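Everything on this sheet refers to the single structure shown next.
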Amino acid sequence: SWDEAAGEVAQTIWEVVTDPKKGPEKLTVHAGTGLLTEGRRGGVLRFSTMLGSSRIYPSSYLGDMFSGAAVAYGEGNVGCTYDFMYNADTAIFWGGNPSVSRIPDAHFVWEGKYNGAKVIVITPEFNASAKSADIWIPIKAGADNILAASVIYEIIKEKLYKPEFMKIFTDLPFLVIKDTKKLLRRSDIEKPAKPEDEEKFHEEFYVMNKNTEEIALMPGTEGSEHKSIRLNDLGIDPELEGEWDVELLNGDDVEVTTVFEMLKENIEQFSPENTQEQTGVHPDTVKMLARDIALPKVVSITTG
């Protein structure tokens, strides 16, 4: 009966959360995706929060999780509420159609135009949002990643990027061993004194420090003892470009460069002129898009 089922579930939960070898973190509560209504799962989520239990991120088992964002930020969906759009200088909807798919929130997008926002819609079809946008960029279906690469090419070529931001908030200054194309790790350079530190050493990475002209461990990584990314406090000013020789733990001399140098090399084939046939987007439009993304203070890119 339902009473028997509820009793069995409650008893099992009680046994898990009160077991000193298990505890609340050993209890997983699955509440579904909330695709039909958040109200349907709200009580379950509240219940699991009060217990202190673990929850699975819904997109991870649906297959539509942004795994790159999850690895970098510990959160699968990185973004903001729609009222943020009112303060954007550039609001890009890449594959999005907020006038149809986000009807209660779309007014923030269009009111943002009164506040000076430039709204750009990138879609194969001329949709309901495209008709109200400042710019509609018709793209061949499936060519979005190529257009994005072309925008990156233009930002790098015209030096529209912000070096100081890149040094602190990205992995672009991290050192890469050129022949293996693997990141240079502390475990490549130094043997830990304690066996339990081996995993930490594998999760620490190097930059070339302009202040000392020697390699330096970057703070803020999973294995680092320094959880802050205030590089000035540690006397680190990372190089973004260059090549250097480094001696590994095994005595080998290897040539290293930066992730940024690798990016520049890999992106070289994606000039706007080279990608026009694949994307259907004119080079002049790519150059405009690159500037609208790189230069304004507040830019929002919504992927749909």
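Residues are named by chain letter and number: chains run A, B, ... in the order of the structure tokens, numbers start at 1 in each chain, and ligands are numbered from 1 in the order shown.
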Inset, instruction - Determine, counting only C-alpha atoms, which protein, DNA and RNA residues have an atom within 9 Å of an atom of Lys26 of chain A; residues of the same chain fewer than 6 positions away are not included. Present the result as a list in words. - result: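 The residues satisfying every condition are Val16, Val17, Ser53 and Ser54 of chain A.
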Legend entry - Distance query segment 294-304 of chain A at most 7 Å, only C-alpha atoms, self and fewer than 3 positions along chain excluded, as a list of chain:residue names: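 Listing them by chain and then by number gives A:Ala88, A:Asp89, A:Thr90, A:Ala91, A:Ile92, A:Phe93, A:Trp94, A:Gly95, A:Gly96, A:Ile155, A:Leu160, A:Tyr161, A:Ala290, A:Arg291.
Between atom CA of Asn115 of chain A and atom CA of Asn87 of chain A the separation is 7.1 Å.
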Within 12 Å of Asp252 of chain A using only C-alpha atoms, minus same-chain residues under 4 positions, as a tab-separated table (two decimals) with C-alpha atoms, in the first residue's frame:
chain	number	residue	atom	x	y	z
A	177	ILE	CA	54.17	21.05	-24.17
A	188	ASP	CA	55.67	16.90	-14.88
A	189	ILE	CA	58.12	19.11	-12.98
A	245	ASP	CA	62.48	25.53	-22.99
A	246	VAL	CA	61.60	23.74	-19.76
A	247	GLU	CA	63.33	20.80	-18.04
A	248	LEU	CA	60.96	18.05	-16.90
Legend entry - Closest of A:Gly63, A:Glu261, A:Trp14, A:Val254 to Thr180 of chain A - atom-to-atom distances counting only C-alpha atoms: A:Val254
Inset, instruction - Please provide as a ChimeraX atom specification all residues within 9 Å of Ser224 of chain A, with the sequence filter that same-chain residues fewer than 6 positions apart are discarded (counting only C-alpha atoms). - result: /A:200-201,203-205,217-218
Could you write those residues out with N, CA and C atoms, as a PDB file, in the first residue's frame?
ATOM      1  N   LYS A 200      46.849  16.199  -6.453  1.00  0.00           N
ATOM      2  CA  LYS A 200      46.908  17.661  -6.444  1.00  0.00           C
ATOM      3  C   LYS A 200      47.925  18.170  -7.458  1.00  0.00           C
ATOM      4  N   PHE A 201      49.091  17.525  -7.513  1.00  0.00           N
ATOM      5  CA  PHE A 201      50.131  17.952  -8.448  1.00  0.00           C
ATOM      6  C   PHE A 201      49.663  17.823  -9.895  1.00  0.00           C
ATOM      7  N   GLU A 203      46.763  18.479 -10.867  1.00  0.00           N
ATOM      8  CA  GLU A 203      45.734  19.494 -11.098  1.00  0.00           C
ATOM      9  C   GLU A 203      46.256  20.908 -10.866  1.00  0.00           C
ATOM     10  N   GLU A 204      47.586  21.061 -11.027  1.00  0.00           N
ATOM     11  CA  GLU A 204      48.197  22.386 -10.955  1.00  0.00           C
ATOM     12  C   GLU A 204      48.936  22.655 -12.265  1.00  0.00           C
ATOM     13  N   PHE A 205      48.851  23.903 -12.741  1.00  0.00           N
ATOM     14  CA  PHE A 205      49.353  24.234 -14.068  1.00  0.00           C
ATOM     15  C   PHE A 205      50.271  25.459 -14.006  1.00  0.00           C
ATOM     16  N   LEU A 217      53.487  28.451 -10.797  1.00  0.00           N
ATOM     17  CA  LEU A 217      52.214  27.750 -10.640  1.00  0.00           C
ATOM     18  C   LEU A 217      51.091  28.762 -10.522  1.00  0.00           C
ATOM     19  N   MET A 218      50.025  28.527 -11.300  1.00  0.00           N
ATOM     20  CA  MET A 218      48.883  29.425 -11.254  1.00  0.00           C
ATOM     21  C   MET A 218      47.970  29.080 -10.079  1.00  0.00           C
TER      22      MET A 218
END
Inset, instruction - Pull the alpha helix (DSSP H) assignments for segment 54-230 of chain A out of DSSP run on the backbone, and list those residues as a PyMOL selection string. - result: chain A and resi 58-62+67-73+98-101+106-114+144-157+163-169+186-189+198-202
Inset, instruction - Mind giving me the straight-line distance from atom CA of Pro24 of chain A to atom CA of Leu51 of chain A in Å, one decimal? - result: 6.4 Å
Inset, instruction - From segment 10-200 of chain A, collect each residue whose DSSP state is strand (DSSP E or B) and return the set as a list in words. - result: Thr28, Val29, Ser54, Arg55, Thr90, Ala91, Ile92, Phe93, Trp94, Lys118, Val119, Ile120, Val121, Ile122, Thr123, Ile135, Trp136, Ile137, Pro138, Leu175, Val176, Ile177, Lys182, Leu183 and Arg185 of chain A
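Here atom CA of Glu255 of chain A and atom CA of Pro238 of chain A stand 17.1 Å from one another.
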Inset, instruction - Considering only C-alpha atoms, return as a PyMOL selection string whatever protein or nucleic-acid residues lie within 12 Å of Glu111 of chain A, sequence-local ones (same chain, fewer than 5 positions apart) excluded. - result: chain A and resi 82-88+91+105-106+116-119+132-133
Residues of the last selection are to be written out with N, CA, C and O atoms, as a short mmCIF file (atom, residue, chain, number, x, y, z; two decimals), in the first residue's frame.
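Saved to part17.cif:
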data_model
loop_
_atom_site.label_atom_id
_atom_site.label_comp_id
_atom_site.auth_asym_id
_atom_site.auth_seq_id
_atom_site.Cartn_x
_atom_site.Cartn_y
_atom_site.Cartn_z
N TYR A 82 16.46 37.64 -17.08
CA TYR A 82 16.22 38.40 -18.31
C TYR A 82 16.22 39.91 -18.11
O TYR A 82 16.44 40.66 -19.06
N ASP A 83 15.98 40.38 -16.87
CA ASP A 83 16.01 41.83 -16.67
C ASP A 83 17.40 42.40 -16.92
O ASP A 83 17.54 43.61 -17.16
N PHE A 84 18.41 41.53 -16.92
CA PHE A 84 19.78 41.96 -17.24
C PHE A 84 19.85 42.54 -18.64
O PHE A 84 20.67 43.43 -18.92
N MET A 85 18.98 42.06 -19.55
CA MET A 85 19.03 42.49 -20.95
C MET A 85 18.78 43.99 -21.09
O MET A 85 19.21 44.60 -22.07
N TYR A 86 18.07 44.57 -20.13
CA TYR A 86 17.77 45.99 -20.22
C TYR A 86 19.04 46.83 -20.16
O TYR A 86 19.09 47.95 -20.69
N ASN A 87 20.08 46.30 -19.51
CA ASN A 87 21.32 47.06 -19.34
C ASN A 87 22.43 46.63 -20.30
O ASN A 87 23.57 47.07 -20.14
N ALA A 88 22.12 45.76 -21.25
CA ALA A 88 23.14 45.29 -22.18
C ALA A 88 23.44 46.33 -23.26
O ALA A 88 22.54 47.04 -23.71
N ALA A 91 23.08 42.69 -27.18
CA ALA A 91 22.35 41.48 -26.79
C ALA A 91 22.22 40.58 -28.02
O ALA A 91 21.55 40.94 -28.99
N ASP A 105 9.33 37.34 -20.71
CA ASP A 105 10.58 38.05 -20.45
C ASP A 105 11.06 38.90 -21.62
O ASP A 105 11.94 39.74 -21.44
N ALA A 106 10.50 38.69 -22.80
CA ALA A 106 11.04 39.31 -24.01
C ALA A 106 11.00 40.83 -23.95
O ALA A 106 11.81 41.50 -24.60
N GLY A 116 19.61 51.87 -25.39
CA GLY A 116 20.81 51.91 -26.23
C GLY A 116 21.35 50.56 -26.65
O GLY A 116 22.42 50.48 -27.26
N ALA A 117 20.66 49.48 -26.31
CA ALA A 117 21.16 48.14 -26.66
C ALA A 117 21.04 47.89 -28.16
O ALA A 117 20.09 48.33 -28.81
N LYS A 118 22.01 47.17 -28.68
CA LYS A 118 21.96 46.68 -30.06
C LYS A 118 21.60 45.20 -29.99
O LYS A 118 22.32 44.42 -29.37
N VAL A 119 20.49 44.83 -30.59
CA VAL A 119 20.01 43.45 -30.54
C VAL A 119 20.34 42.75 -31.86
O VAL A 119 19.99 43.24 -32.94
N SER A 132 12.35 42.22 -35.18
CA SER A 132 12.47 43.37 -34.28
C SER A 132 13.92 43.71 -33.94
O SER A 132 14.17 44.72 -33.27
N ALA A 133 14.85 42.87 -34.37
CA ALA A 133 16.26 43.07 -34.02
C ALA A 133 16.88 44.18 -34.87
O ALA A 133 16.37 44.55 -35.94
#
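Closest approach to Asn266 of chain A from the set A:Ala70, A:Tyr57, A:Ile156, A:Gly42 is made by A:Ile156, with distances taken over only C-alpha atoms.
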